Number of protein chains: 2
Amino acid sequence: MKDPLHLFKIGGAVLEAPDELEETLAFFSNLPGRKLLVHGGGRRASHLSRQLGIEPKIHEGRRITDAETLDVVVMVYAGLENKRVVGMLQALGCNAIGLSGADGNVVLAKKRPVKDIDYGFVGDVTAVNTRALAALLEAGMTPVLCAITHDGKGQLLNTNADTIAAELAIALAGQYQANLYYCFEKPGVMTDVNDADSVIPLLDPELYASYREQGVIAEGMIPKLDNAFRALKAGAASVQVGGRKALALGKATQLVWTTEFPE
Amino acid sequence: MKDPLHLFKIGGAVLEAPDELEETLAFFSNLPGRKLLVHGGGRRASHLSRQLGIEPKIHEGRRITDAETLDVVVMVYAGLENKRVVGMLQALGCNAIGLSGADGNVVLAKKRPVKDIDYGFVGDVTAVNTRALAALLEAGMTPVLCAITHDGKGQLLNTNADTIAAELAIALAGQYQANLYYCFEKPGVMTDVNDADSVIPLLDPELYASYREQGVIAEGMIPKLDNAFRALKAGAASVQVGGRKALALGKATQLVWTTEFPE
């Protein structure tokens, strides 16, 4: 019987709202046993970028990361946001340890090849160092990962935080019962973004495909859910998508293989 | 017999010179056994501060850290510089893990009380978590500490890197044979800053007091050497001050209790 591990990803909108962040971290820090947090920070990065006279360039939700922009995201993700979250968790009695993928070589990536678009210093995950992460977890620490990885040759890379969370869940599923949570500003995956009662309780691949086809699930939710289903397929014990309150009440969207046998 | 631990502090001028940094990190990564690095980053912080329209304020070599400046130093020290150094060490085969004092609660500090000067969010070290640091060292990792600490209540603080290095050496001297190195842009403590041959090979408290009195040792060297002697007094096995080449050749300044019995 594997020990449970909670992998919790928090989105940019949660990071930006001080009260919501405080409540979310309090909820996270109360999760029993081993846990790990992954965070983004894109909004603050765009703000700093503009302050420094660099206009952010986003293509299909992904930041085009030239050398100057890489410095900005490293400063914001690995510096400002990561240490703020770690400091808050420490105050909550949770022994957080902030990491980029370079730290302890925990997430290795490869610079994305230039095809139609040159994303610049953007990395696709190639390996997760489960040994280092397990050493931290077993020493009673709570890793807090930002969306920066490295190529092992001295180059830092920008990697989507949803993807990192999925990759960590997949890699750690061999050793732990990996429960993955995508915590964001909505209560769950909704059929109508303006109706809080429209949260889909159970989502299986068939239903997901149908909602995509109808355009009910669109835009930013698609890469998030693709990552989420990929993690579930590759061994994550459970995957939930939703807001802090909905997650706490078990009312967020739960991903399943078939709605006929949800458990 | 305690295991040796090398505690290596690199100064801002070393961080700013790409070739020198590369060489210094190569030297550091080749030190045998357990090791730990501490770095500053003040010059780059002043640069970013000015880019953001905040004029840096320095009083007696210490940065006055208001809320905006704290964000700047967290971004530069814990983000840009820390992750750059970690990435470079990883490329050298050294399993570095970058930390602020908040990470793993490794360095706890207290906001400096306001006396004549309000230093703002500047922290004086109150505790070092030797258990967490030893757990990382024993797991084969090399902690890389930046000059950011925390108060345990969610507040990050700016702390002088020389002081952090000394506090770590003192705290870890109970468990390890702690060898402390202050690596900077000069070959060693010099009687004439313009004469490379004027490095003082052995410096004891008496000689130090006499050089201070004569004004031969002055300004920034004084807090550095005060920290260095404090570490030696409190149990560090050895303390050396000098440049990378001089340290490698054993030609940097070695601090001793008495020049009559240098070993």
# chains A, B, ... in the order shown; residues from 1 in each chain; ligands from 1
$ residues_around --residues "Leu172 (chain B)" --least-positions-apart "3" --cutoff "12 Å" --atoms "only C-alpha atoms" --output "ChimeraX atom specification"
/B:2-7,34-36,106,127-134,137,164-169,175-180,231,234-237
$ interface_residues --of "chain B" --to "chain A" --cutoff "7 Å" --atoms "only C-alpha atoms" --output "MDAnalysis selection string"
chainID B and resid 51:52 71 74:76 78:80 86:88 90:91 95:98 102:105 141 150 152:156
$ select_by_dssp --residues "region 131-243 of chain B" --states "helix (DSSP H, G or I)" --output "VMD selection string"
chain B and resid 131 to 138 161 to 172 196 to 198 205 to 214 221 to 233
$ select_by_dssp --residues "region 60-214 of chain A" --states "strand (DSSP E)" --output "PyMOL selection string"
chain A and resi 62-63+96-99+107-111+123-128+142-145+148-150+156-158+176-183+202-203
$ write_last_selection --atoms "N, CA and C atoms" --output "compact mmCIF listing (two decimals), in the first residue's frame"
# COMPACT_ATOMS: atom_id res chain seq x y z
N ARG A 62 0.71 30.52 -24.20
CA ARG A 62 2.08 30.23 -23.77
C ARG A 62 2.96 31.44 -24.02
N ARG A 63 3.77 31.77 -23.02
CA ARG A 63 4.63 32.94 -23.10
C ARG A 63 5.84 32.70 -24.00
N ALA A 96 7.74 24.23 4.19
CA ALA A 96 7.87 24.36 2.74
C ALA A 96 9.31 24.58 2.32
N ILE A 97 9.66 24.07 1.16
CA ILE A 97 10.98 24.31 0.57
C ILE A 97 10.76 24.63 -0.91
N GLY A 98 11.09 25.86 -1.28
CA GLY A 98 10.83 26.34 -2.64
C GLY A 98 11.88 25.84 -3.61
N LEU A 99 11.42 25.41 -4.76
CA LEU A 99 12.33 24.83 -5.76
C LEU A 99 11.99 25.29 -7.17
N VAL A 107 13.49 18.86 -11.88
CA VAL A 107 12.76 18.77 -13.16
C VAL A 107 13.68 19.19 -14.32
N LEU A 108 14.03 18.20 -15.10
CA LEU A 108 14.91 18.42 -16.25
C LEU A 108 14.03 18.63 -17.49
N ALA A 109 14.42 19.56 -18.35
CA ALA A 109 13.62 19.83 -19.55
C ALA A 109 14.54 20.03 -20.74
N LYS A 110 13.92 20.09 -21.91
CA LYS A 110 14.65 20.28 -23.16
C LYS A 110 14.04 21.50 -23.84
N LYS A 111 14.89 22.38 -24.34
CA LYS A 111 14.39 23.57 -25.02
C LYS A 111 13.52 23.13 -26.20
N GLY A 123 10.81 25.16 -22.04
CA GLY A 123 11.29 23.78 -21.93
C GLY A 123 10.17 22.77 -21.82
N ASP A 124 10.35 21.63 -22.47
CA ASP A 124 9.44 20.50 -22.33
C ASP A 124 10.10 19.49 -21.39
N VAL A 125 9.36 19.05 -20.39
CA VAL A 125 9.91 18.19 -19.34
C VAL A 125 10.41 16.87 -19.92
N THR A 126 11.63 16.49 -19.55
CA THR A 126 12.18 15.21 -20.00
C THR A 126 12.38 14.22 -18.86
N ALA A 127 12.57 14.74 -17.63
CA ALA A 127 12.78 13.83 -16.50
C ALA A 127 12.44 14.51 -15.18
N VAL A 128 11.90 13.72 -14.26
CA VAL A 128 11.63 14.19 -12.91
C VAL A 128 12.49 13.37 -11.97
N THR A 142 7.90 20.07 2.47
CA THR A 142 6.86 20.21 1.46
C THR A 142 7.43 21.00 0.28
N PRO A 143 7.79 20.31 -0.81
CA PRO A 143 8.34 21.03 -1.96
C PRO A 143 7.31 22.00 -2.57
N VAL A 144 7.77 23.19 -2.90
CA VAL A 144 6.93 24.21 -3.55
C VAL A 144 7.62 24.54 -4.87
N LEU A 145 7.06 24.04 -5.95
CA LEU A 145 7.74 24.20 -7.24
C LEU A 145 7.19 25.34 -8.07
N ILE A 148 9.80 27.01 -13.40
CA ILE A 148 11.11 27.15 -14.06
C ILE A 148 11.80 25.78 -14.01
N THR A 149 12.33 25.36 -15.15
CA THR A 149 13.07 24.10 -15.21
C THR A 149 14.49 24.41 -15.72
N HIS A 150 15.27 23.38 -15.99
CA HIS A 150 16.62 23.60 -16.55
C HIS A 150 16.97 22.43 -17.47
N LEU A 156 18.42 27.79 -17.81
CA LEU A 156 17.10 27.75 -17.20
C LEU A 156 16.06 27.83 -18.31
N LEU A 157 14.88 27.26 -18.06
CA LEU A 157 13.82 27.25 -19.07
C LEU A 157 12.48 27.53 -18.39
N ASN A 158 11.57 28.10 -19.15
CA ASN A 158 10.22 28.42 -18.70
C ASN A 158 9.30 27.26 -19.11
N TYR A 176 4.15 6.80 -4.77
CA TYR A 176 3.10 7.28 -3.89
C TYR A 176 1.72 7.10 -4.56
N GLN A 177 0.70 7.16 -3.75
CA GLN A 177 -0.68 7.24 -4.25
C GLN A 177 -0.90 8.73 -4.54
N ALA A 178 -0.70 9.10 -5.81
CA ALA A 178 -0.61 10.51 -6.19
C ALA A 178 -1.99 11.13 -6.46
N ASN A 179 -2.38 12.07 -5.62
CA ASN A 179 -3.65 12.78 -5.78
C ASN A 179 -3.36 14.18 -6.29
N LEU A 180 -3.84 14.45 -7.49
CA LEU A 180 -3.53 15.73 -8.15
C LEU A 180 -4.73 16.66 -8.10
N TYR A 181 -4.47 17.91 -7.71
CA TYR A 181 -5.53 18.93 -7.63
C TYR A 181 -5.11 20.13 -8.46
N TYR A 182 -5.97 20.54 -9.39
CA TYR A 182 -5.75 21.81 -10.09
C TYR A 182 -6.70 22.81 -9.44
N CYS A 183 -6.12 23.70 -8.62
CA CYS A 183 -6.93 24.67 -7.88
C CYS A 183 -6.88 26.01 -8.60
N LEU A 202 -18.44 14.80 -12.51
CA LEU A 202 -17.55 13.73 -12.97
C LEU A 202 -17.31 13.89 -14.46
N LEU A 203 -16.07 13.88 -14.83
CA LEU A 203 -15.75 14.07 -16.24
C LEU A 203 -14.91 12.89 -16.71
$ closest_residue --among "A:Thr65, A:Ser46, A:Asn227, A:Ser198" --to "Ala252 (chain A)" --atoms "only C-alpha atoms"
A:Ser198
$ residues_around --residues "Ala228 (chain A)" --least-positions-apart "2" --cutoff "8 Å" --atoms "only C-alpha atoms" --output "PDB file with N, CA and C atoms, in the first residue's frame"
ATOM      1  N   ALA A 166       1.389  17.874 -13.681  1.00  0.00           N
ATOM      2  CA  ALA A 166       1.035  16.571 -14.257  1.00  0.00           C
ATOM      3  C   ALA A 166       2.253  15.654 -14.310  1.00  0.00           C
ATOM      4  N   LYS A 224      -5.233  22.429 -19.775  1.00  0.00           N
ATOM      5  CA  LYS A 224      -5.280  22.005 -18.365  1.00  0.00           C
ATOM      6  C   LYS A 224      -5.875  20.596 -18.272  1.00  0.00           C
ATOM      7  N   LEU A 225      -7.002  20.379 -18.938  1.00  0.00           N
ATOM      8  CA  LEU A 225      -7.653  19.066 -18.856  1.00  0.00           C
ATOM      9  C   LEU A 225      -6.871  17.993 -19.605  1.00  0.00           C
ATOM     10  N   ASP A 226      -6.209  18.385 -20.680  1.00  0.00           N
ATOM     11  CA  ASP A 226      -5.348  17.411 -21.374  1.00  0.00           C
ATOM     12  C   ASP A 226      -4.263  16.926 -20.420  1.00  0.00           C
ATOM     13  N   ARG A 230      -3.987  13.153 -18.879  1.00  0.00           N
ATOM     14  CA  ARG A 230      -2.708  12.478 -19.106  1.00  0.00           C
ATOM     15  C   ARG A 230      -2.171  11.911 -17.778  1.00  0.00           C
ATOM     16  N   ALA A 231      -2.279  12.721 -16.700  1.00  0.00           N
ATOM     17  CA  ALA A 231      -1.814  12.276 -15.380  1.00  0.00           C
ATOM     18  C   ALA A 231      -2.646  11.096 -14.888  1.00  0.00           C
ATOM     19  N   LEU A 232      -3.953  11.182 -15.089  1.00  0.00           N
ATOM     20  CA  LEU A 232      -4.842  10.108 -14.639  1.00  0.00           C
ATOM     21  C   LEU A 232      -4.515   8.808 -15.379  1.00  0.00           C
ATOM     22  N   VAL A 239      -7.649  12.834  -9.747  1.00  0.00           N
ATOM     23  CA  VAL A 239      -7.401  14.178 -10.284  1.00  0.00           C
ATOM     24  C   VAL A 239      -8.682  14.992 -10.110  1.00  0.00           C
ATOM     25  N   LEU A 255     -12.027  13.913 -12.276  1.00  0.00           N
ATOM     26  CA  LEU A 255     -11.787  13.214 -13.539  1.00  0.00           C
ATOM     27  C   LEU A 255     -11.834  11.711 -13.301  1.00  0.00           C
TER      28      LEU A 255
END
$ atom_distance --atom1 "CA of Asn160 (chain B)" --atom2 "CA of Glu23 (chain B)"
23.9 Å
$ atom_distance --atom1 "CA of Ile200 (chain A)" --atom2 "CA of Pro18 (chain A)"
27.6 Å
